[in-house]
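Shown below: final01.cif, with mmCIF, C-alpha atoms.
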data_model
#
loop_
_atom_site.label_atom_id
_atom_site.label_comp_id
_atom_site.auth_asym_id
_atom_site.auth_seq_id
_atom_site.Cartn_x
_atom_site.Cartn_y
_atom_site.Cartn_z
CA MET A 690 -24.20 -5.50 -3.39
CA THR A 691 -24.18 -4.58 -7.08
CA LYS A 692 -21.43 -2.61 -8.75
CA ARG A 693 -23.97 0.09 -9.72
CA PHE A 694 -25.15 0.51 -6.14
CA TYR A 695 -21.58 0.74 -4.90
CA THR A 696 -20.76 3.44 -7.46
CA LEU A 697 -23.80 5.49 -6.49
CA ALA A 698 -22.98 5.18 -2.79
CA VAL A 699 -19.42 6.41 -3.16
CA VAL A 700 -20.39 9.19 -5.55
CA ALA A 701 -23.04 10.35 -3.08
CA ILE A 702 -20.43 10.64 -0.35
CA ALA A 703 -18.06 12.55 -2.62
CA LEU A 704 -20.78 15.09 -3.43
CA LEU A 705 -21.63 15.88 0.19
CA VAL A 706 -18.79 18.36 0.63
CA PRO A 707 -16.01 19.77 -1.55
CA SER A 708 -12.59 18.15 -1.41
CA MET A 709 -10.39 19.64 1.33
CA ALA A 710 -7.19 18.93 3.18
CA PHE A 711 -7.90 17.32 6.52
CA GLY A 712 -5.32 16.99 9.26
CA ALA A 713 -5.97 13.38 10.18
CA ALA A 714 -2.39 12.35 9.41
CA THR A 715 -3.44 9.24 7.52
CA SER A 716 -0.90 7.17 5.61
CA PHE A 717 -1.74 4.61 2.94
CA GLY A 718 0.63 1.96 1.67
CA VAL A 719 1.46 -1.66 1.03
CA ALA A 720 2.55 -4.16 3.67
CA LYS A 721 4.82 -7.20 3.28
CA THR A 722 3.77 -9.59 0.50
CA ILE A 723 2.60 -13.11 1.31
CA THR A 724 3.56 -15.93 -1.05
CA GLY A 725 1.11 -18.75 -1.72
CA GLU A 726 0.80 -21.81 -3.96
CA ASN A 727 0.07 -21.89 -7.70
CA ASN A 728 1.95 -18.65 -8.39
CA LEU A 729 -0.34 -16.64 -6.09
CA VAL A 730 1.01 -13.65 -4.18
CA THR A 731 -1.02 -11.60 -1.69
CA VAL A 732 -0.28 -7.88 -1.36
CA PRO A 733 -1.91 -6.37 1.77
CA LEU A 734 -3.10 -2.76 1.65
CA GLU A 735 -2.42 -1.01 4.93
CA ILE A 736 -3.47 2.32 6.41
CA SER A 737 -2.57 4.23 9.55
CA ASN A 738 -5.29 6.66 10.64
CA LYS A 739 -5.25 8.97 13.68
CA ALA A 740 -8.95 9.77 13.44
CA ASN A 741 -12.00 7.55 12.95
CA LEU A 742 -12.75 6.81 9.27
CA THR A 743 -16.28 6.50 7.93
CA ALA A 744 -15.65 5.62 4.26
CA LEU A 745 -12.84 4.88 1.81
CA ASP A 746 -12.72 5.21 -1.97
CA ILE A 747 -9.60 3.46 -3.33
CA PRO A 748 -8.92 3.29 -7.11
CA LEU A 749 -5.62 1.57 -7.95
CA SER A 750 -3.67 0.39 -10.96
CA PHE A 751 -1.12 -2.42 -11.25
CA THR A 752 1.53 -3.33 -13.78
CA GLU A 753 1.62 -6.10 -16.39
CA GLY A 754 2.63 -9.69 -15.83
CA VAL A 755 0.03 -10.45 -13.16
CA THR A 756 -3.72 -11.05 -12.96
CA LEU A 757 -5.69 -9.77 -9.98
CA LYS A 758 -7.70 -12.84 -8.97
CA GLU A 759 -9.56 -11.35 -6.02
CA VAL A 760 -9.66 -8.73 -3.29
CA ASN A 761 -10.52 -10.19 0.09
CA PHE A 762 -11.19 -8.57 3.45
CA GLU A 763 -10.91 -11.59 5.76
CA GLY A 764 -9.12 -10.81 8.99
CA THR A 765 -8.74 -7.13 8.14
CA ARG A 766 -9.70 -4.01 10.09
CA VAL A 767 -12.78 -3.51 7.88
CA GLU A 768 -14.15 -7.05 8.03
CA TYR A 769 -17.24 -5.81 9.92
CA PHE A 770 -18.10 -3.14 7.30
CA ASP A 771 -21.49 -3.45 5.58
CA LEU A 772 -20.07 -2.41 2.20
CA LYS A 773 -16.88 -4.06 0.99
CA VAL A 774 -16.75 -3.98 -2.80
CA ALA A 775 -13.93 -4.42 -5.30
CA SER A 776 -14.47 -3.91 -9.03
CA ILE A 777 -11.56 -5.62 -10.85
CA ASP A 778 -10.65 -4.74 -14.45
CA ASN A 779 -7.70 -6.89 -15.51
CA GLU A 780 -7.92 -5.67 -19.11
CA ASN A 781 -7.04 -2.14 -17.98
CA ARG A 782 -5.12 -3.39 -14.90
CA THR A 783 -7.20 -1.43 -12.37
CA VAL A 784 -9.23 -2.15 -9.28
CA LEU A 785 -11.78 0.08 -7.54
CA ILE A 786 -12.33 -0.62 -3.84
CA GLY A 787 -15.17 0.94 -1.85
CA LEU A 788 -15.66 0.63 1.91
CA LEU A 789 -18.47 1.87 4.15
CA PRO A 790 -19.12 0.71 7.74
CA GLN A 791 -22.89 1.13 7.66
CA MET A 792 -25.41 0.56 4.88
CA SER A 793 -28.13 -0.98 7.07
CA HIS A 794 -30.30 0.14 9.97
CA GLN A 795 -27.96 -1.52 12.43
CA ALA A 796 -25.59 1.07 13.90
CA LYS A 797 -21.94 0.29 13.33
CA PRO A 798 -18.91 2.30 14.44
CA ASP A 799 -16.49 4.06 12.14
CA LEU A 800 -13.06 2.55 11.60
CA ALA A 801 -11.26 3.39 14.83
CA ALA A 802 -7.89 5.14 14.75
CA GLY A 803 -5.05 2.68 14.35
CA THR A 804 -2.80 0.87 11.90
CA GLY A 805 -3.37 -2.32 9.95
CA THR A 806 -4.55 -4.09 6.81
CA ILE A 807 -7.84 -3.10 5.17
CA ALA A 808 -7.76 -5.35 2.08
CA ASN A 809 -5.67 -8.06 0.44
CA LEU A 810 -4.88 -8.02 -3.28
CA VAL A 811 -4.41 -11.60 -4.50
CA PHE A 812 -2.34 -11.67 -7.70
CA GLU A 813 -1.55 -14.60 -9.96
CA ILE A 814 1.81 -14.35 -11.73
CA THR A 815 1.03 -14.94 -15.41
CA ASP A 816 4.41 -13.93 -16.83
CA PRO A 817 7.31 -15.98 -15.34
CA SER A 818 9.81 -13.25 -16.30
CA VAL A 819 8.12 -10.66 -14.05
CA LYS A 820 9.97 -10.14 -10.75
CA ASN A 821 7.75 -7.49 -9.16
CA VAL A 822 4.49 -5.59 -9.45
CA THR A 823 3.93 -1.86 -9.03
CA VAL A 824 0.72 -0.63 -7.40
CA GLU A 825 -0.29 3.03 -7.47
CA ALA A 826 -3.32 5.23 -6.90
CA VAL A 827 -5.10 6.52 -10.01
CA LYS A 828 -7.90 8.93 -10.84
CA MET A 829 -10.91 7.50 -12.65
CA THR A 830 -13.59 9.31 -14.63
CA ASN A 831 -17.22 8.63 -15.54
CA PRO A 832 -17.83 8.48 -12.61
CA HIS A 833 -15.02 10.24 -10.83
CA HIS A 834 -12.98 8.30 -8.29
CA GLU A 835 -9.69 9.10 -6.59
CA LEU A 836 -8.05 7.95 -3.39
CA THR A 837 -10.30 9.49 -0.73
CA PHE A 838 -10.86 8.95 2.98
CA VAL A 839 -14.04 10.29 4.59
CA TYR A 840 -14.30 11.40 8.22
CA HIS A 841 -17.04 12.52 10.57
CA ALA A 842 -16.09 15.85 12.14
CA PHE A 843 -17.85 17.50 15.06
CA SER A 844 -18.06 21.20 15.89
CA GLN A 845 -17.93 22.60 19.43
CA GLY A 846 -21.72 22.75 19.31
CA GLY A 847 -21.90 19.04 18.57
CA GLN A 848 -22.94 19.38 14.94
CA ARG A 849 -21.65 16.62 12.71
CA SER A 850 -20.18 17.19 9.25
CA ILE A 851 -18.23 15.18 6.71
CA GLU A 852 -14.70 16.03 5.68
CA LEU A 853 -12.57 14.45 2.98
CA GLU A 854 -8.87 13.69 2.84
CA LYS A 855 -6.79 12.87 -0.24
CA PRO A 856 -3.88 10.89 1.23
CA LYS A 857 -0.62 10.66 -0.68
CA PHE A 858 0.27 7.25 -2.06
CA GLU A 859 3.35 7.06 -4.24
CA ALA A 860 3.76 4.12 -6.60
CA VAL A 861 5.03 1.10 -4.67
CA THR A 862 6.92 -1.79 -6.28
CA VAL A 863 6.85 -5.08 -4.38
CA ALA A 864 8.93 -8.16 -5.10
CA LEU A 865 7.05 -11.29 -6.17
CA SER A 866 9.61 -13.41 -4.37
CA GLY A 867 8.71 -17.07 -4.27
CA GLY A 868 5.47 -16.56 -6.18
CA ALA A 869 6.96 -17.32 -9.59
CA PRO A 870 8.45 -20.61 -10.79
CA ALA A 871 11.61 -21.67 -8.98
CA GLY A 872 13.86 -20.79 -11.94
CA ASN A 873 12.73 -17.17 -11.97
CA MET A 874 15.79 -15.49 -10.46
CA PRO A 875 16.63 -11.82 -10.95
CA VAL A 876 18.72 -11.31 -14.08
CA GLU A 877 19.77 -7.82 -13.09
CA PHE A 878 20.36 -5.67 -10.05
CA SER A 879 17.13 -4.09 -8.74
CA LEU A 880 16.01 -1.98 -5.79
CA SER A 881 12.29 -1.56 -5.08
CA GLN A 882 10.48 1.27 -3.35
CA ASN A 883 10.07 0.47 0.33
CA TYR A 884 6.60 -0.64 1.47
CA PRO A 885 4.60 0.68 3.07
CA ASN A 886 5.57 4.25 2.27
CA PRO A 887 4.87 6.47 4.19
CA PHE A 888 5.36 4.11 7.14
CA ASN A 889 5.21 3.97 10.93
CA PRO A 890 7.29 2.50 12.44
CA THR A 891 8.43 -0.41 10.23
CA THR A 892 8.96 -0.76 6.51
CA VAL A 893 10.37 -3.42 4.18
CA ILE A 894 12.96 -2.85 1.45
CA ALA A 895 13.04 -5.44 -1.35
CA TYR A 896 15.84 -5.86 -3.87
CA GLY A 897 17.20 -8.39 -6.35
CA LEU A 898 20.71 -9.77 -6.85
CA PRO A 899 21.71 -11.45 -10.15
CA VAL A 900 24.67 -13.26 -8.51
CA ALA A 901 25.95 -13.93 -5.00
CA GLN A 902 27.94 -10.91 -3.83
CA ARG A 903 28.73 -8.58 -0.94
CA VAL A 904 25.82 -6.23 -0.16
CA ASN A 905 25.49 -3.10 1.96
CA LEU A 906 22.09 -1.57 2.69
CA THR A 907 22.27 1.62 4.75
CA ILE A 908 19.73 4.23 5.91
CA TYR A 909 20.65 7.95 5.87
CA ASN A 910 18.91 11.10 7.09
CA VAL A 911 18.60 14.32 5.05
CA LEU A 912 21.99 15.47 6.39
CA GLY A 913 23.67 12.41 4.94
CA GLN A 914 24.31 10.90 8.35
CA THR A 915 24.10 7.12 8.77
CA VAL A 916 20.99 6.14 10.73
CA ALA A 917 21.10 2.35 10.42
CA THR A 918 22.88 -0.41 8.52
CA LEU A 919 20.44 -3.17 7.64
CA VAL A 920 22.70 -5.46 5.61
CA ASP A 921 26.49 -5.71 5.40
CA GLY A 922 27.77 -9.01 4.08
CA VAL A 923 27.59 -11.61 1.33
CA GLN A 924 24.12 -12.66 0.12
CA GLN A 925 22.98 -15.27 -2.37
CA ALA A 926 21.52 -14.46 -5.78
CA GLY A 927 17.76 -13.94 -5.93
CA PRO A 928 15.09 -11.74 -4.37
CA GLN A 929 16.04 -10.33 -0.97
CA GLN A 930 14.41 -8.02 1.55
CA ALA A 931 15.25 -6.23 4.79
CA GLU A 932 13.04 -4.60 7.42
CA TRP A 933 13.77 -1.31 9.14
CA ASN A 934 12.19 -0.51 12.51
CA ALA A 935 12.30 3.28 12.91
CA SER A 936 10.56 3.46 16.28
CA ASP A 937 13.53 5.36 17.73
CA ASN A 938 13.66 7.88 14.88
CA SER A 939 11.70 11.08 14.31
CA SER A 940 9.31 11.75 11.45
CA GLY A 941 10.84 12.94 8.21
CA VAL A 942 12.45 12.01 4.92
CA TYR A 943 15.11 9.29 4.89
CA PHE A 944 17.18 7.68 2.15
CA TYR A 945 18.24 4.06 1.73
CA ARG A 946 21.24 3.10 -0.38
CA LEU A 947 21.96 -0.37 -1.74
CA THR A 948 25.59 -0.95 -2.69
CA THR A 949 27.03 -4.08 -4.28
CA GLU A 950 30.30 -4.87 -6.01
CA GLN A 951 28.97 -3.53 -9.32
CA ASN A 952 26.02 -1.24 -8.52
CA THR A 953 24.77 1.49 -6.22
CA GLU A 954 21.22 2.83 -6.03
CA THR A 955 19.47 5.21 -3.61
CA ARG A 956 15.76 5.77 -2.95
CA LYS A 957 13.75 8.09 -0.70
CA MET A 958 11.15 7.16 1.95
CA LEU A 959 8.95 8.96 4.47
CA LEU A 960 8.56 8.15 8.17
CA LEU A 961 5.26 9.61 9.38
CA LYS A 962 4.42 9.34 13.08
#
Render the structure in this file as structure tokens.
Amino acid sequence: MTKRFYTLAVVAIALLVPSMAFGAATSFGVAKTITGENNLVTVPLEISNKANLTALDIPLSFTEGVTLKEVNFEGTRVEYFDLKVASIDNENRTVLIGLLPQMSHQAKPDLAAGTGTIANLVFEITDPSVKNVTVEAVKMTNPHHELTFVYHAFSQGGQRSIELEKPKFEAVTVALSGGAPAGNMPVEFSLSQNYPNPFNPTTVIAYGLPVAQRVNLTIYNVLGQTVATLVDGVQQAGPQQAEWNASDNSSGVYFYRLTTEQNTETRKMLLLK
């Protein structure tokens, strides 16, 4: 499938109906990174959709210090799609991903409601001093692309239409733990945005410690009440991460605070069920 054909296909979908808010309660984020050999780190892209999806237009940017080697779809929820295209531009640090279940005469179903990985970003760490990479959604022009999910909607009379959703995806910073040379330890205190975010029901919080020290990582609700304590004890220097399972908590905004002997930092996250 050529890049030109992919662009025309996605643009055609975008022109079918005007952009609108659609109550499909879809979340888009980044799952736990997977470390490989030769300074390769895989960052899975994950979505949670409560309605069947028929197309996805995903333009993303990423920060310096890494090269995007490939985008693969093996073992993902969209492996059966006819159209799986990724246009990588490492000079401008962007990637444009387009997904359609059916481009042939053979009938194929939409992406069923559920949660899971839809693509894997495989980065090579080219700057040994880089400890993490930030991925975020961007808007592209000529032609226009922005993070868009396309649904088939049906009226009471059975007529089918297409509706678009523009899901929120805040910038996510993920630790490149283990992917860089062994001597690449954090030189300063750092706390990354949780991933995925929004999430349901689990999310991972990554952080870096310059020296071994006592660490406390606690979750709070909007009232300032303690919801969970993920870490409370001494940890070694280097990249660290903790997972929070919020299956017993209700949807809403939560805060996580990392406290060490010298530093304290707080970030916000969204649980969306």
Selection result of the PyMOL selection byres ((chain A and resi 821) around 6) on this file, as a CSV table (one decimal) with C-alpha atoms, keeping the file's coordinate frame:
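Wrote it out as selection-v9.csv, contents follow:
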chain,number,residue,atom,x,y,z
A,819,VAL,CA,8.1,-10.7,-14.0
A,820,LYS,CA,10.0,-10.1,-10.8
A,822,VAL,CA,4.5,-5.6,-9.4
A,863,VAL,CA,6.8,-5.1,-4.4
A,864,ALA,CA,8.9,-8.2,-5.1
A,865,LEU,CA,7.0,-11.3,-6.2
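A straight line drawn from atom CA of Glu950 of chain A to atom CA of Thr915 of chain A is 20.0 Å long.
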Here is a test: counting only C-alpha atoms, which residue of A:Glu780, A:Leu749, A:Thr815, A:Asn738 is nearest to Ala801 of chain A?
A:Asn738
Nearest residue to Lys739 of chain A out of A:Asn889, A:Asn809, A:Asn952, A:Gln795, using only C-alpha atoms?
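Smallest distance to Lys739 of chain A is found for A:Asn889.
Comparing the minimum interatomic distances between Pro798 of chain A and each of A:Thr743, A:Ser818, A:Gln902, A:Ser737, counting only C-alpha atoms, we find that A:Thr743 sits nearest.
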Name the residues captured by the PyMOL selection byres ((chain A and resi 899) around 10) when it is applied to the shown file; answer as an NGL selection string.
:A and (874-879 or 897-898 or 900-902 or 925-928)
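With distances restricted to all atoms listed in the file, A:Glu835 is the closest residue to Asp746 of chain A from A:Glu954, A:Glu726, A:Glu854, A:Glu835.
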